[in-house]
Amino acid sequence: MWVITLYSNEKTLMFEFDTEKEAREAFKNMKGYKILSEIIYFNDHCFTSAAV
């Protein structure tokens with residue numbers, strides 16, 4: 001998951017995206033101070049061991 005945090009006109013807004021590509025496209029078009037973050041959940045199956 002990708003999140004953009006936008007600080008603009010005394011407001012803080014957060015936008016969530018499924019892919020990096022769509023997040024970067026939106027990021028380019030936003031005005032104000034902005035931060036692009038990748039959120040990784042370590043309980044996702046791709047990050048856990050197959051042998052339990």
# chains A, B, ... in the order shown; residues from 1 in each chain; ligands from 1

call {"tool": "residues_around", "arguments": {"residues": "Ile39 of chain A", "least_positions_apart": "2", "cutoff": "10 Å", "atoms": "only C-alpha atoms", "output": "PDB file with all heavy atoms, in the first residue's frame"}}
result
ATOM      1  N   MET A   1       0.859  -1.166   0.000  1.00  0.00           N
ATOM      2  CA  MET A   1       0.000   0.000   0.000  1.00  0.00           C
ATOM      3  C   MET A   1       0.905   1.229   0.000  1.00  0.00           C
ATOM      4  O   MET A   1       1.958   1.241   0.632  1.00  0.00           O
ATOM      5  CB  MET A   1      -0.906  -0.004   1.223  1.00  0.00           C
ATOM      6  CG  MET A   1      -1.697   1.258   1.359  1.00  0.00           C
ATOM      7  SD  MET A   1      -2.920   1.337   2.693  1.00  0.00           S
ATOM      8  CE  MET A   1      -2.007   0.830   4.089  1.00  0.00           C
ATOM      9  N   TRP A   2       0.482   2.264  -0.672  1.00  0.00           N
ATOM     10  CA  TRP A   2       1.200   3.530  -0.764  1.00  0.00           C
ATOM     11  C   TRP A   2       0.304   4.636  -0.224  1.00  0.00           C
ATOM     12  O   TRP A   2      -0.897   4.646  -0.491  1.00  0.00           O
ATOM     13  CB  TRP A   2       1.583   3.809  -2.205  1.00  0.00           C
ATOM     14  CG  TRP A   2       2.616   2.847  -2.687  1.00  0.00           C
ATOM     15  CD1 TRP A   2       2.403   1.582  -3.149  1.00  0.00           C
ATOM     16  CD2 TRP A   2       4.014   3.042  -2.708  1.00  0.00           C
ATOM     17  NE1 TRP A   2       3.592   0.983  -3.452  1.00  0.00           N
ATOM     18  CE2 TRP A   2       4.603   1.863  -3.205  1.00  0.00           C
ATOM     19  CE3 TRP A   2       4.834   4.102  -2.361  1.00  0.00           C
ATOM     20  CZ2 TRP A   2       5.967   1.719  -3.357  1.00  0.00           C
ATOM     21  CZ3 TRP A   2       6.197   3.961  -2.531  1.00  0.00           C
ATOM     22  CH2 TRP A   2       6.754   2.775  -3.023  1.00  0.00           C
ATOM     23  N   VAL A   3       0.886   5.547   0.537  1.00  0.00           N
ATOM     24  CA  VAL A   3       0.127   6.635   1.152  1.00  0.00           C
ATOM     25  C   VAL A   3       0.818   7.958   0.848  1.00  0.00           C
ATOM     26  O   VAL A   3       2.037   8.067   0.976  1.00  0.00           O
ATOM     27  CB  VAL A   3       0.013   6.438   2.679  1.00  0.00           C
ATOM     28  CG1 VAL A   3      -0.642   7.640   3.339  1.00  0.00           C
ATOM     29  CG2 VAL A   3      -0.758   5.176   3.003  1.00  0.00           C
ATOM     30  N   GLU A  16      -4.675   7.026  -0.047  1.00  0.00           N
ATOM     31  CA  GLU A  16      -4.174   5.654  -0.066  1.00  0.00           C
ATOM     32  C   GLU A  16      -4.259   5.089  -1.481  1.00  0.00           C
ATOM     33  O   GLU A  16      -5.267   5.272  -2.169  1.00  0.00           O
ATOM     34  CB  GLU A  16      -5.045   4.826   0.882  1.00  0.00           C
ATOM     35  CG  GLU A  16      -4.561   3.434   1.115  1.00  0.00           C
ATOM     36  CD  GLU A  16      -5.433   2.732   2.133  1.00  0.00           C
ATOM     37  OE1 GLU A  16      -5.552   3.225   3.266  1.00  0.00           O
ATOM     38  OE2 GLU A  16      -6.012   1.683   1.770  1.00  0.00           O
ATOM     39  N   LEU A  36       5.445  10.826   0.316  1.00  0.00           N
ATOM     40  CA  LEU A  36       5.006   9.553  -0.253  1.00  0.00           C
ATOM     41  C   LEU A  36       5.621   8.432   0.574  1.00  0.00           C
ATOM     42  O   LEU A  36       6.837   8.388   0.765  1.00  0.00           O
ATOM     43  CB  LEU A  36       5.450   9.440  -1.717  1.00  0.00           C
ATOM     44  CG  LEU A  36       5.160   8.124  -2.425  1.00  0.00           C
ATOM     45  CD1 LEU A  36       3.663   7.840  -2.472  1.00  0.00           C
ATOM     46  CD2 LEU A  36       5.751   8.143  -3.823  1.00  0.00           C
ATOM     47  N   SER A  37       4.792   7.529   1.080  1.00  0.00           N
ATOM     48  CA  SER A  37       5.258   6.444   1.944  1.00  0.00           C
ATOM     49  C   SER A  37       4.745   5.107   1.440  1.00  0.00           C
ATOM     50  O   SER A  37       3.612   5.004   0.974  1.00  0.00           O
ATOM     51  CB  SER A  37       4.732   6.620   3.372  1.00  0.00           C
ATOM     52  OG  SER A  37       5.064   7.879   3.881  1.00  0.00           O
ATOM     53  N   TYR A  41       2.865  -4.318   5.702  1.00  0.00           N
ATOM     54  CA  TYR A  41       2.326  -5.035   6.846  1.00  0.00           C
ATOM     55  C   TYR A  41       3.062  -6.352   6.965  1.00  0.00           C
ATOM     56  O   TYR A  41       3.057  -7.163   6.047  1.00  0.00           O
ATOM     57  CB  TYR A  41       0.824  -5.284   6.675  1.00  0.00           C
ATOM     58  CG  TYR A  41       0.004  -4.032   6.693  1.00  0.00           C
ATOM     59  CD1 TYR A  41      -0.507  -3.492   5.516  1.00  0.00           C
ATOM     60  CD2 TYR A  41      -0.252  -3.372   7.880  1.00  0.00           C
ATOM     61  CE1 TYR A  41      -1.259  -2.327   5.536  1.00  0.00           C
ATOM     62  CE2 TYR A  41      -1.000  -2.216   7.916  1.00  0.00           C
ATOM     63  CZ  TYR A  41      -1.499  -1.697   6.727  1.00  0.00           C
ATOM     64  OH  TYR A  41      -2.229  -0.552   6.759  1.00  0.00           O
ATOM     65  N   PHE A  42       3.710  -6.595   8.088  1.00  0.00           N
ATOM     66  CA  PHE A  42       4.491  -7.801   8.243  1.00  0.00           C
ATOM     67  C   PHE A  42       3.641  -9.031   8.535  1.00  0.00           C
ATOM     68  O   PHE A  42       4.159 -10.126   8.643  1.00  0.00           O
ATOM     69  CB  PHE A  42       5.567  -7.605   9.311  1.00  0.00           C
ATOM     70  CG  PHE A  42       6.667  -6.729   8.811  1.00  0.00           C
ATOM     71  CD1 PHE A  42       6.732  -5.404   9.182  1.00  0.00           C
ATOM     72  CD2 PHE A  42       7.626  -7.219   7.947  1.00  0.00           C
ATOM     73  CE1 PHE A  42       7.736  -4.582   8.707  1.00  0.00           C
ATOM     74  CE2 PHE A  42       8.634  -6.424   7.459  1.00  0.00           C
ATOM     75  CZ  PHE A  42       8.695  -5.098   7.843  1.00  0.00           C
TER      76      PHE A  42
END

call {"tool": "select_by_dssp", "arguments": {"residues": "chain A", "states": "strand (DSSP E or B)", "output": "MDAnalysis selection string"}}
result
chainID A and resid 2:8 11:17 33:38

call {"tool": "residues_around", "arguments": {"residues": "Asn9 of chain A", "least_positions_apart": "5", "cutoff": "12 Å", "atoms": "only C-alpha atoms", "output": "list in words"}}
result
Lys31, Gly32 and Tyr33 of chain A

call {"tool": "closest_residue", "arguments": {"among": "A:Thr12, A:Glu22, A:Phe17, A:Ile4", "to": "Ile35 of chain A", "atoms": "only C-alpha atoms"}}
result
A:Ile4

call {"tool": "select_by_dssp", "arguments": {"residues": "segment 4-50 of chain A", "states": "alpha helix (DSSP H)", "output": "list in words"}}
result
Glu20, Lys21, Glu22, Ala23, Arg24, Glu25, Ala26, Phe27, Lys28 and Asn29 of chain A

call {"tool": "write_last_selection", "arguments": {"atoms": "all heavy atoms", "output": "CSV table (one decimal), in the first residue's frame"}}
result
chain,number,residue,atom,x,y,z
A,20,GLU,N,2.3,1.6,-6.6
A,20,GLU,CA,3.3,2.7,-6.6
A,20,GLU,C,3.1,3.6,-7.8
A,20,GLU,O,3.2,4.8,-7.7
A,20,GLU,CB,4.7,2.1,-6.7
A,20,GLU,CG,5.8,3.2,-6.7
A,20,GLU,CD,7.2,2.6,-6.7
A,20,GLU,OE1,7.4,1.4,-6.8
A,20,GLU,OE2,8.1,3.4,-6.7
A,21,LYS,N,2.7,3.0,-9.0
A,21,LYS,CA,2.5,3.8,-10.2
A,21,LYS,C,1.4,4.9,-10.0
A,21,LYS,O,1.6,6.0,-10.3
A,21,LYS,CB,2.2,2.9,-11.3
A,21,LYS,CG,2.0,3.6,-12.6
A,21,LYS,CD,1.7,2.7,-13.8
A,21,LYS,CE,1.5,3.5,-15.1
A,21,LYS,NZ,1.2,2.6,-16.2
A,22,GLU,N,0.3,4.4,-9.5
A,22,GLU,CA,-0.8,5.4,-9.3
A,22,GLU,C,-0.5,6.4,-8.2
A,22,GLU,O,-0.9,7.6,-8.3
A,22,GLU,CB,-2.2,4.7,-9.1
A,22,GLU,CG,-2.2,3.9,-7.8
A,22,GLU,CD,-3.5,3.1,-7.7
A,22,GLU,OE1,-4.5,3.4,-8.4
A,22,GLU,OE2,-3.6,2.2,-6.8
A,23,ALA,N,0.2,6.0,-7.2
A,23,ALA,CA,0.6,7.0,-6.1
A,23,ALA,C,1.6,8.0,-6.7
A,23,ALA,O,1.4,9.2,-6.4
A,23,ALA,CB,1.3,6.2,-5.0
A,24,ARG,N,2.5,7.6,-7.5
A,24,ARG,CA,3.5,8.6,-8.0
A,24,ARG,C,2.8,9.5,-9.0
A,24,ARG,O,3.2,10.7,-9.1
A,24,ARG,CB,4.7,7.8,-8.7
A,24,ARG,CG,5.5,7.2,-7.7
A,24,ARG,CD,6.9,6.7,-8.2
A,24,ARG,NE,7.7,6.1,-7.2
A,24,ARG,CZ,8.5,6.8,-6.4
A,24,ARG,NH1,8.5,8.1,-6.4
A,24,ARG,NH2,9.2,6.1,-5.5
A,25,GLU,N,1.9,9.1,-9.8
A,25,GLU,CA,1.1,9.9,-10.7
A,25,GLU,C,0.4,11.0,-9.9
A,25,GLU,O,0.4,12.2,-10.3
A,25,GLU,CB,0.1,9.1,-11.6
A,25,GLU,CG,0.8,8.4,-12.7
A,25,GLU,CD,1.4,9.3,-13.7
A,25,GLU,OE1,0.8,10.3,-14.1
A,25,GLU,OE2,2.5,9.1,-14.2
A,26,ALA,N,-0.3,10.6,-8.9
A,26,ALA,CA,-1.1,11.6,-8.1
A,26,ALA,C,-0.1,12.5,-7.4
A,26,ALA,O,-0.4,13.7,-7.3
A,26,ALA,CB,-1.9,10.8,-7.0
A,27,PHE,N,1.0,12.0,-6.9
A,27,PHE,CA,2.0,12.8,-6.2
A,27,PHE,C,2.5,14.0,-7.0
A,27,PHE,O,2.7,15.1,-6.6
A,27,PHE,CB,3.2,11.9,-5.8
A,27,PHE,CG,4.2,12.5,-4.9
A,27,PHE,CD1,4.0,12.6,-3.5
A,27,PHE,CD2,5.4,13.0,-5.3
A,27,PHE,CE1,4.9,13.1,-2.6
A,27,PHE,CE2,6.3,13.6,-4.5
A,27,PHE,CZ,6.1,13.6,-3.1
A,28,LYS,N,2.8,13.7,-8.3
A,28,LYS,CA,3.2,14.7,-9.2
A,28,LYS,C,2.3,15.9,-9.4
A,28,LYS,O,2.7,17.0,-9.6
A,28,LYS,CB,3.5,14.1,-10.6
A,28,LYS,CG,4.7,13.3,-10.7
A,28,LYS,CD,5.1,13.0,-12.2
A,28,LYS,CE,4.1,12.0,-12.8
A,28,LYS,NZ,4.4,11.6,-14.1
A,29,ASN,N,1.0,15.6,-9.3
A,29,ASN,CA,-0.1,16.6,-9.5
A,29,ASN,C,-0.5,17.4,-8.2
A,29,ASN,O,-1.3,18.3,-8.3
A,29,ASN,CB,-1.3,16.0,-10.2
A,29,ASN,CG,-0.9,15.4,-11.5
A,29,ASN,OD1,-0.2,16.0,-12.3
A,29,ASN,ND2,-1.4,14.2,-11.8

call {"tool": "residues_around", "arguments": {"residues": "Lys34 of chain A", "least_positions_apart": "6", "cutoff": "7 Å", "atoms": "only C-alpha atoms", "output": "PDB file with N, CA, C and O atoms, in the first residue's frame"}}
result
ATOM      1  N   ILE A   4       0.020   8.939   0.452  1.00  0.00           N
ATOM      2  CA  ILE A   4       0.512  10.302   0.308  1.00  0.00           C
ATOM      3  C   ILE A   4      -0.099  11.120   1.433  1.00  0.00           C
ATOM      4  O   ILE A   4      -1.314  11.128   1.619  1.00  0.00           O
ATOM      5  N   THR A   5       0.773  11.781   2.195  1.00  0.00           N
ATOM      6  CA  THR A   5       0.330  12.714   3.225  1.00  0.00           C
ATOM      7  C   THR A   5       0.579  14.106   2.674  1.00  0.00           C
ATOM      8  O   THR A   5       1.697  14.432   2.285  1.00  0.00           O
ATOM      9  N   LEU A   6      -0.472  14.910   2.626  1.00  0.00           N
ATOM     10  CA  LEU A   6      -0.401  16.246   2.037  1.00  0.00           C
ATOM     11  C   LEU A   6      -0.747  17.287   3.088  1.00  0.00           C
ATOM     12  O   LEU A   6      -1.786  17.197   3.745  1.00  0.00           O
ATOM     13  N   TYR A   7       0.160  18.234   3.253  1.00  0.00           N
ATOM     14  CA  TYR A   7      -0.055  19.353   4.171  1.00  0.00           C
ATOM     15  C   TYR A   7      -0.284  20.584   3.312  1.00  0.00           C
ATOM     16  O   TYR A   7       0.614  21.048   2.629  1.00  0.00           O
TER      17      TYR A   7
END
